[in-house]
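**Q** To be precise about what I am sending: the file is called my_file35.cif and holds mmCIF, N, CA and C atoms.
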```
data_final
loop_
_atom_site.label_atom_id
_atom_site.label_comp_id
_atom_site.auth_asym_id
_atom_site.auth_seq_id
_atom_site.Cartn_x
_atom_site.Cartn_y
_atom_site.Cartn_z
N MET A 1 -27.03 -45.98 28.50
CA MET A 1 -27.39 -46.66 27.26
C MET A 1 -27.01 -48.13 27.36
N ASN A 2 -27.83 -48.99 26.80
CA ASN A 2 -27.46 -50.40 26.79
C ASN A 2 -26.64 -50.72 25.54
N ASP A 3 -26.20 -51.97 25.41
CA ASP A 3 -25.33 -52.36 24.31
C ASP A 3 -25.97 -52.19 22.94
N VAL A 4 -27.29 -52.25 22.86
CA VAL A 4 -27.97 -52.18 21.58
C VAL A 4 -28.04 -50.74 21.07
N GLU A 5 -28.05 -49.79 21.97
CA GLU A 5 -28.19 -48.39 21.57
C GLU A 5 -26.90 -47.86 20.95
N LYS A 6 -27.07 -47.05 19.90
CA LYS A 6 -25.94 -46.46 19.18
C LYS A 6 -25.88 -44.98 19.52
N THR A 7 -24.69 -44.50 19.85
CA THR A 7 -24.51 -43.08 20.12
C THR A 7 -24.22 -42.38 18.80
N LEU A 8 -25.01 -41.36 18.49
CA LEU A 8 -24.83 -40.60 17.25
C LEU A 8 -23.81 -39.50 17.46
N SER A 9 -23.09 -39.17 16.40
CA SER A 9 -22.11 -38.09 16.46
C SER A 9 -22.82 -36.74 16.47
N ASP A 10 -22.09 -35.69 16.83
CA ASP A 10 -22.65 -34.34 16.81
C ASP A 10 -23.14 -33.97 15.42
N GLU A 11 -22.41 -34.38 14.39
CA GLU A 11 -22.81 -34.08 13.00
C GLU A 11 -24.11 -34.80 12.64
N GLU A 12 -24.23 -36.06 13.06
CA GLU A 12 -25.46 -36.81 12.79
C GLU A 12 -26.65 -36.18 13.51
N LEU A 13 -26.44 -35.75 14.73
CA LEU A 13 -27.52 -35.12 15.48
C LEU A 13 -27.91 -33.78 14.88
N ALA A 14 -26.93 -33.00 14.44
CA ALA A 14 -27.21 -31.68 13.85
C ALA A 14 -28.10 -31.81 12.62
N MET A 15 -27.93 -32.88 11.85
CA MET A 15 -28.74 -33.10 10.65
C MET A 15 -30.23 -33.17 10.99
N TRP A 16 -30.55 -33.70 12.15
CA TRP A 16 -31.96 -33.85 12.51
C TRP A 16 -32.65 -32.51 12.74
N CYS A 17 -31.89 -31.45 13.07
CA CYS A 17 -32.50 -30.14 13.28
C CYS A 17 -33.06 -29.56 11.98
N SER A 18 -32.41 -29.80 10.87
CA SER A 18 -32.87 -29.22 9.60
C SER A 18 -33.53 -30.23 8.68
N HIS A 19 -33.42 -31.51 9.00
CA HIS A 19 -33.99 -32.54 8.13
C HIS A 19 -34.76 -33.59 8.94
N PHE A 20 -35.46 -33.15 9.98
CA PHE A 20 -36.22 -34.10 10.80
C PHE A 20 -37.26 -34.79 9.94
N ASP A 21 -37.40 -36.09 10.15
CA ASP A 21 -38.37 -36.89 9.42
C ASP A 21 -38.74 -38.08 10.29
N ASN A 22 -39.95 -38.05 10.86
CA ASN A 22 -40.34 -39.15 11.74
C ASN A 22 -40.58 -40.45 10.99
N HIS A 23 -40.53 -40.42 9.65
CA HIS A 23 -40.64 -41.64 8.85
C HIS A 23 -39.28 -42.19 8.45
N ASP A 24 -38.20 -41.50 8.79
CA ASP A 24 -36.85 -41.90 8.40
C ASP A 24 -36.49 -43.23 9.06
N ALA A 25 -36.00 -44.18 8.25
CA ALA A 25 -35.61 -45.49 8.77
C ALA A 25 -34.45 -45.39 9.75
N ASN A 26 -33.72 -44.28 9.74
CA ASN A 26 -32.61 -44.10 10.67
C ASN A 26 -33.06 -43.65 12.06
N LEU A 27 -34.33 -43.33 12.21
CA LEU A 27 -34.90 -43.00 13.53
C LEU A 27 -35.39 -44.32 14.11
N THR A 28 -34.63 -44.88 15.03
CA THR A 28 -34.90 -46.23 15.53
C THR A 28 -35.03 -46.23 17.05
N HIS A 29 -35.43 -47.38 17.57
CA HIS A 29 -35.52 -47.53 19.03
C HIS A 29 -34.17 -47.29 19.69
N SER A 30 -33.09 -47.56 18.96
CA SER A 30 -31.76 -47.42 19.56
C SER A 30 -31.28 -45.98 19.65
N ASN A 31 -31.92 -45.05 18.92
CA ASN A 31 -31.42 -43.67 18.95
C ASN A 31 -32.51 -42.61 19.15
N VAL A 32 -33.75 -43.01 19.24
CA VAL A 32 -34.85 -42.05 19.31
C VAL A 32 -34.73 -41.12 20.52
N HIS A 33 -34.32 -41.63 21.66
CA HIS A 33 -34.20 -40.78 22.85
C HIS A 33 -33.08 -39.75 22.68
N GLN A 34 -31.98 -40.17 22.08
CA GLN A 34 -30.88 -39.24 21.85
C GLN A 34 -31.28 -38.16 20.85
N ILE A 35 -31.98 -38.54 19.78
CA ILE A 35 -32.40 -37.57 18.76
C ILE A 35 -33.40 -36.57 19.33
N TYR A 36 -34.43 -37.05 20.01
CA TYR A 36 -35.42 -36.13 20.57
C TYR A 36 -34.81 -35.27 21.68
N GLY A 37 -33.90 -35.82 22.46
CA GLY A 37 -33.21 -35.02 23.46
C GLY A 37 -32.40 -33.90 22.82
N HIS A 38 -31.74 -34.22 21.71
CA HIS A 38 -30.97 -33.20 20.99
C HIS A 38 -31.90 -32.12 20.43
N LEU A 39 -33.03 -32.52 19.87
CA LEU A 39 -33.99 -31.54 19.35
C LEU A 39 -34.44 -30.60 20.47
N ARG A 40 -34.81 -31.16 21.61
CA ARG A 40 -35.28 -30.32 22.72
C ARG A 40 -34.20 -29.36 23.21
N GLU A 41 -32.95 -29.81 23.22
CA GLU A 41 -31.85 -28.98 23.73
C GLU A 41 -31.31 -27.99 22.70
N ALA A 42 -31.04 -28.44 21.48
CA ALA A 42 -30.33 -27.63 20.49
C ALA A 42 -31.25 -26.83 19.57
N CYS A 43 -32.41 -27.37 19.26
CA CYS A 43 -33.30 -26.70 18.29
C CYS A 43 -34.75 -27.02 18.64
N PRO A 44 -35.25 -26.51 19.77
CA PRO A 44 -36.59 -26.88 20.23
C PRO A 44 -37.71 -26.48 19.28
N VAL A 45 -37.51 -25.44 18.50
CA VAL A 45 -38.44 -25.06 17.44
C VAL A 45 -37.59 -24.91 16.19
N THR A 46 -37.82 -25.77 15.22
CA THR A 46 -36.98 -25.77 14.02
C THR A 46 -37.81 -26.09 12.80
N ARG A 47 -37.27 -25.76 11.65
CA ARG A 47 -37.96 -26.05 10.40
C ARG A 47 -37.21 -27.15 9.67
N SER A 48 -37.90 -28.25 9.41
CA SER A 48 -37.33 -29.34 8.63
C SER A 48 -37.56 -29.05 7.15
N GLU A 49 -36.58 -29.35 6.34
CA GLU A 49 -36.69 -29.14 4.90
C GLU A 49 -37.30 -30.34 4.18
N ARG A 50 -37.58 -31.40 4.91
CA ARG A 50 -38.17 -32.59 4.31
C ARG A 50 -39.60 -32.30 3.84
N TYR A 51 -40.03 -32.98 2.80
CA TYR A 51 -41.41 -32.90 2.30
C TYR A 51 -41.87 -31.49 2.00
N GLY A 52 -40.98 -30.64 1.54
CA GLY A 52 -41.35 -29.27 1.22
C GLY A 52 -41.29 -28.31 2.40
N GLY A 53 -40.95 -28.81 3.56
CA GLY A 53 -40.77 -27.98 4.74
C GLY A 53 -41.94 -28.03 5.71
N PHE A 54 -41.61 -28.15 6.98
CA PHE A 54 -42.61 -28.11 8.05
C PHE A 54 -41.90 -27.78 9.36
N TRP A 55 -42.66 -27.29 10.31
CA TRP A 55 -42.11 -26.91 11.60
C TRP A 55 -42.14 -28.08 12.57
N VAL A 56 -41.10 -28.18 13.38
CA VAL A 56 -40.98 -29.21 14.41
C VAL A 56 -40.86 -28.50 15.76
N VAL A 57 -41.76 -28.83 16.67
CA VAL A 57 -41.75 -28.25 18.01
C VAL A 57 -41.56 -29.42 18.97
N SER A 58 -40.51 -29.38 19.80
CA SER A 58 -40.16 -30.57 20.57
C SER A 58 -40.23 -30.43 22.08
N ARG A 59 -40.40 -29.23 22.61
CA ARG A 59 -40.51 -29.07 24.06
C ARG A 59 -41.98 -28.99 24.47
N TYR A 60 -42.29 -29.63 25.59
CA TYR A 60 -43.67 -29.72 26.06
C TYR A 60 -44.33 -28.35 26.16
N ALA A 61 -43.68 -27.40 26.82
CA ALA A 61 -44.29 -26.08 27.01
C ALA A 61 -44.55 -25.39 25.68
N ASP A 62 -43.64 -25.56 24.72
CA ASP A 62 -43.83 -24.96 23.40
C ASP A 62 -44.98 -25.64 22.66
N ILE A 63 -45.10 -26.95 22.82
CA ILE A 63 -46.20 -27.69 22.18
C ILE A 63 -47.53 -27.21 22.74
N VAL A 64 -47.62 -27.02 24.05
CA VAL A 64 -48.85 -26.51 24.66
C VAL A 64 -49.18 -25.13 24.10
N THR A 65 -48.17 -24.26 23.98
CA THR A 65 -48.39 -22.93 23.41
C THR A 65 -48.96 -23.02 22.01
N VAL A 66 -48.39 -23.89 21.19
CA VAL A 66 -48.87 -24.07 19.81
C VAL A 66 -50.31 -24.56 19.81
N LEU A 67 -50.60 -25.56 20.62
CA LEU A 67 -51.95 -26.14 20.64
C LEU A 67 -53.01 -25.17 21.15
N MET A 68 -52.60 -24.21 21.97
CA MET A 68 -53.56 -23.26 22.54
C MET A 68 -53.72 -22.00 21.70
N ASP A 69 -53.04 -21.91 20.56
CA ASP A 69 -53.10 -20.71 19.73
C ASP A 69 -53.38 -21.08 18.27
N PRO A 70 -54.63 -21.49 17.96
CA PRO A 70 -54.95 -21.91 16.59
C PRO A 70 -54.94 -20.78 15.57
N VAL A 71 -54.95 -19.54 16.03
CA VAL A 71 -54.89 -18.41 15.09
C VAL A 71 -53.49 -18.34 14.48
N THR A 72 -52.47 -18.45 15.31
CA THR A 72 -51.09 -18.40 14.83
C THR A 72 -50.66 -19.72 14.22
N PHE A 73 -51.06 -20.83 14.85
CA PHE A 73 -50.61 -22.16 14.44
C PHE A 73 -51.81 -22.96 13.93
N SER A 74 -52.07 -22.88 12.66
CA SER A 74 -53.26 -23.47 12.06
C SER A 74 -53.07 -24.95 11.72
N SER A 75 -54.14 -25.72 11.89
CA SER A 75 -54.20 -27.11 11.43
C SER A 75 -55.08 -27.24 10.21
N GLY A 76 -55.58 -26.11 9.71
CA GLY A 76 -56.56 -26.12 8.63
C GLY A 76 -56.11 -26.77 7.34
N LYS A 77 -54.81 -26.80 7.09
CA LYS A 77 -54.32 -27.46 5.87
C LYS A 77 -53.92 -28.90 6.15
N GLY A 78 -54.16 -29.35 7.36
CA GLY A 78 -53.82 -30.72 7.72
C GLY A 78 -52.54 -30.78 8.52
N VAL A 79 -52.37 -31.87 9.24
CA VAL A 79 -51.20 -32.05 10.07
C VAL A 79 -50.39 -33.28 9.66
N HIS A 80 -50.74 -33.90 8.57
CA HIS A 80 -50.06 -35.12 8.13
C HIS A 80 -48.84 -34.77 7.30
N ILE A 81 -47.72 -35.37 7.65
CA ILE A 81 -46.47 -35.10 6.95
C ILE A 81 -45.87 -36.45 6.57
N PRO A 82 -45.71 -36.70 5.29
CA PRO A 82 -46.11 -35.85 4.17
C PRO A 82 -47.60 -36.02 3.87
N ARG A 83 -48.21 -34.97 3.42
CA ARG A 83 -49.62 -35.01 3.03
C ARG A 83 -49.71 -35.66 1.66
N GLN A 84 -50.61 -36.57 1.51
CA GLN A 84 -50.80 -37.28 0.25
C GLN A 84 -51.85 -36.57 -0.59
N GLU A 85 -51.62 -36.53 -1.87
CA GLU A 85 -52.58 -35.91 -2.80
C GLU A 85 -53.94 -36.58 -2.64
N GLY A 86 -54.98 -35.78 -2.49
CA GLY A 86 -56.33 -36.31 -2.38
C GLY A 86 -56.66 -36.89 -1.01
N GLN A 87 -55.78 -36.75 -0.05
CA GLN A 87 -56.00 -37.30 1.28
C GLN A 87 -57.16 -36.59 1.96
N MET A 88 -58.02 -37.37 2.56
CA MET A 88 -59.18 -36.82 3.27
C MET A 88 -58.71 -36.14 4.56
N HIS A 89 -59.47 -35.15 5.01
CA HIS A 89 -59.18 -34.53 6.30
C HIS A 89 -59.56 -35.48 7.42
N VAL A 90 -58.78 -35.46 8.48
CA VAL A 90 -59.05 -36.28 9.65
C VAL A 90 -59.76 -35.40 10.68
N ILE A 91 -60.93 -35.85 11.10
CA ILE A 91 -61.74 -35.09 12.05
C ILE A 91 -61.31 -35.50 13.46
N PRO A 92 -61.12 -34.61 14.40
CA PRO A 92 -61.19 -33.16 14.33
C PRO A 92 -59.84 -32.49 14.11
N ILE A 93 -58.75 -33.26 14.08
CA ILE A 93 -57.41 -32.66 14.16
C ILE A 93 -57.05 -31.80 12.95
N ASP A 94 -57.62 -32.05 11.79
CA ASP A 94 -57.28 -31.28 10.59
C ASP A 94 -58.10 -30.01 10.43
N PHE A 95 -58.78 -29.59 11.48
CA PHE A 95 -59.61 -28.39 11.40
C PHE A 95 -59.24 -27.42 12.52
N ASP A 96 -59.47 -26.15 12.25
CA ASP A 96 -59.28 -25.09 13.25
C ASP A 96 -60.65 -24.72 13.81
N PRO A 97 -60.67 -24.06 15.00
CA PRO A 97 -61.94 -23.55 15.50
C PRO A 97 -62.56 -22.57 14.49
N PRO A 98 -63.84 -22.51 14.39
CA PRO A 98 -64.84 -23.14 15.25
C PRO A 98 -65.25 -24.54 14.79
N VAL A 99 -64.85 -24.98 13.60
CA VAL A 99 -65.23 -26.32 13.13
C VAL A 99 -64.64 -27.39 14.05
N HIS A 100 -63.37 -27.25 14.42
CA HIS A 100 -62.73 -28.20 15.33
C HIS A 100 -63.51 -28.30 16.64
N THR A 101 -63.94 -27.18 17.16
CA THR A 101 -64.67 -27.14 18.43
C THR A 101 -65.99 -27.90 18.32
N GLN A 102 -66.68 -27.76 17.20
CA GLN A 102 -67.95 -28.47 17.01
C GLN A 102 -67.72 -29.98 16.98
N TYR A 103 -66.72 -30.43 16.23
CA TYR A 103 -66.42 -31.86 16.18
C TYR A 103 -65.95 -32.37 17.54
N ARG A 104 -65.11 -31.60 18.20
CA ARG A 104 -64.58 -32.02 19.50
C ARG A 104 -65.72 -32.20 20.50
N ARG A 105 -66.70 -31.31 20.46
CA ARG A 105 -67.84 -31.42 21.37
C ARG A 105 -68.58 -32.75 21.13
N ILE A 106 -68.78 -33.10 19.87
CA ILE A 106 -69.46 -34.36 19.54
C ILE A 106 -68.68 -35.55 20.08
N PHE A 107 -67.35 -35.55 19.84
CA PHE A 107 -66.51 -36.66 20.33
C PHE A 107 -66.50 -36.71 21.85
N THR A 108 -66.42 -35.57 22.49
CA THR A 108 -66.37 -35.53 23.95
C THR A 108 -67.64 -36.12 24.54
N GLU A 109 -68.78 -35.75 23.98
CA GLU A 109 -70.05 -36.29 24.47
C GLU A 109 -70.14 -37.79 24.22
N ALA A 110 -69.71 -38.23 23.04
CA ALA A 110 -69.82 -39.65 22.69
C ALA A 110 -68.86 -40.52 23.51
N LEU A 111 -67.71 -39.98 23.88
CA LEU A 111 -66.70 -40.77 24.57
C LEU A 111 -66.65 -40.55 26.08
N ALA A 112 -67.53 -39.70 26.59
CA ALA A 112 -67.54 -39.41 28.03
C ALA A 112 -67.98 -40.64 28.81
N PRO A 113 -67.41 -40.84 30.00
CA PRO A 113 -67.86 -41.97 30.83
C PRO A 113 -69.32 -41.80 31.21
N ARG A 114 -70.00 -42.90 31.32
CA ARG A 114 -71.43 -42.88 31.67
C ARG A 114 -71.66 -43.55 32.99
#
```
How would this structure read if it were set down as structure tokens?

**A**
Amino acid sequence: MNDVEKTLSDEELAMWCSHFDNHDANLTHSNVHQIYGHLREACPVTRSERYGGFWVVSRYADIVTVLMDPVTFSSGKGVHIPRQEGQMHVIPIDFDPPVHTQYRRIFTEALAPR
């Protein structure tokens, strides 16, 4: 760690497992690596109580599992935290298959190298 980085206490790190909030002003460049490292080690799949509750998945292999199983892990209600009242759905990420697949096909064709 360089001089600018602050080392968080075990108690401060433990708070992030149950109250993770990527909008929190206390999540800074000086501690982000320590916080995410703690999440991956101590609570790789955890539920944050912020914004009414949401799941946090922090290990790569677990994230891949979630992304490959839309039946168990739905994006149909949106993935924005916190979700704003009246917020429009974001295409394609806020949809589950088969709607997501249809939009993804359109984007893939439009953005493919020519």

**Q** From the options A:Glu12, A:Asp21, A:Asp96, A:Asp69, which residue's atoms come nearest to Tyr51 (chain A), counting all atoms listed in the file?

**A**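 The shortest atom-to-atom distance to Tyr51 (chain A) comes from A:Asp21.
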
**Q** Quick one: which residues end up in the PyMOL selection byres (((chain A and resi 46 and name CA) around 9) and name CA) for this structure, as a ChimeraX atom specification?

**A** /A:17-18,20,39,43-45,47-48,54-58

**Q** Take the residues from that selection and put them in a file with N, CA and C atoms, as a JSON list (two decimals), in the frame of the given file.

**A**
```
[["chain", "number", "residue", "atom", "x", "y", "z"],
["A", 17, "CYS", "N", -31.89, -31.45, 13.07],
["A", 17, "CYS", "CA", -32.50, -30.14, 13.28],
["A", 17, "CYS", "C", -33.06, -29.56, 11.98],
["A", 18, "SER", "N", -32.41, -29.80, 10.87],
["A", 18, "SER", "CA", -32.87, -29.22, 9.60],
["A", 18, "SER", "C", -33.53, -30.23, 8.68],
["A", 20, "PHE", "N", -35.46, -33.15, 9.98],
["A", 20, "PHE", "CA", -36.22, -34.10, 10.80],
["A", 20, "PHE", "C", -37.26, -34.79, 9.94],
["A", 39, "LEU", "N", -33.03, -32.52, 19.87],
["A", 39, "LEU", "CA", -33.99, -31.54, 19.35],
["A", 39, "LEU", "C", -34.44, -30.60, 20.47],
["A", 43, "CYS", "N", -32.41, -27.37, 19.26],
["A", 43, "CYS", "CA", -33.30, -26.70, 18.29],
["A", 43, "CYS", "C", -34.75, -27.02, 18.64],
["A", 44, "PRO", "N", -35.25, -26.51, 19.77],
["A", 44, "PRO", "CA", -36.59, -26.88, 20.23],
["A", 44, "PRO", "C", -37.71, -26.48, 19.28],
["A", 45, "VAL", "N", -37.51, -25.44, 18.50],
["A", 45, "VAL", "CA", -38.44, -25.06, 17.44],
["A", 45, "VAL", "C", -37.59, -24.91, 16.19],
["A", 47, "ARG", "N", -37.27, -25.76, 11.65],
["A", 47, "ARG", "CA", -37.96, -26.05, 10.40],
["A", 47, "ARG", "C", -37.21, -27.15, 9.67],
["A", 48, "SER", "N", -37.90, -28.25, 9.41],
["A", 48, "SER", "CA", -37.33, -29.34, 8.63],
["A", 48, "SER", "C", -37.56, -29.05, 7.15],
["A", 54, "PHE", "N", -41.61, -28.15, 6.98],
["A", 54, "PHE", "CA", -42.61, -28.11, 8.05],
["A", 54, "PHE", "C", -41.90, -27.78, 9.36],
["A", 55, "TRP", "N", -42.66, -27.29, 10.31],
["A", 55, "TRP", "CA", -42.11, -26.91, 11.60],
["A", 55, "TRP", "C", -42.14, -28.08, 12.57],
["A", 56, "VAL", "N", -41.10, -28.18, 13.38],
["A", 56, "VAL", "CA", -40.98, -29.21, 14.41],
["A", 56, "VAL", "C", -40.86, -28.50, 15.76],
["A", 57, "VAL", "N", -41.76, -28.83, 16.67],
["A", 57, "VAL", "CA", -41.75, -28.25, 18.01],
["A", 57, "VAL", "C", -41.56, -29.42, 18.97],
["A", 58, "SER", "N", -40.51, -29.38, 19.80],
["A", 58, "SER", "CA", -40.16, -30.57, 20.57],
["A", 58, "SER", "C", -40.23, -30.43, 22.08]]
```

**Q** Please enclose the listed atoms of region 104-112 of chain A in an axis-aligned box, pad each side by 5 Å, and write out the centre and the three edge lengths in Å, rounded to one decimal, as JSON.

**A**
```
{"center_x": -67.4, "center_y": -36.0, "center_z": 23.5, "size_x": 15.6, "size_y": 19.5, "size_z": 20.6}
```

**Q** Quick one: distance from atom C of Gly76 (chain A) to CA of Ala61 (chain A) in Å, one decimal?

**A** 23.0 Å

**Q** To one decimal in Å, tell me the separation between atom C of Gln102 (chain A) and atom C of Thr65 (chain A).

**A** 20.6 Å

**Q** Looking at A:Ile91, A:Ile81, A:Leu67, A:Leu8, which one is nearest to Ile35 (chain A), with distances taken over only C-alpha atoms?

**A**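 Looking at the shortest contact to Ile35 (chain A), the residue is A:Leu8.
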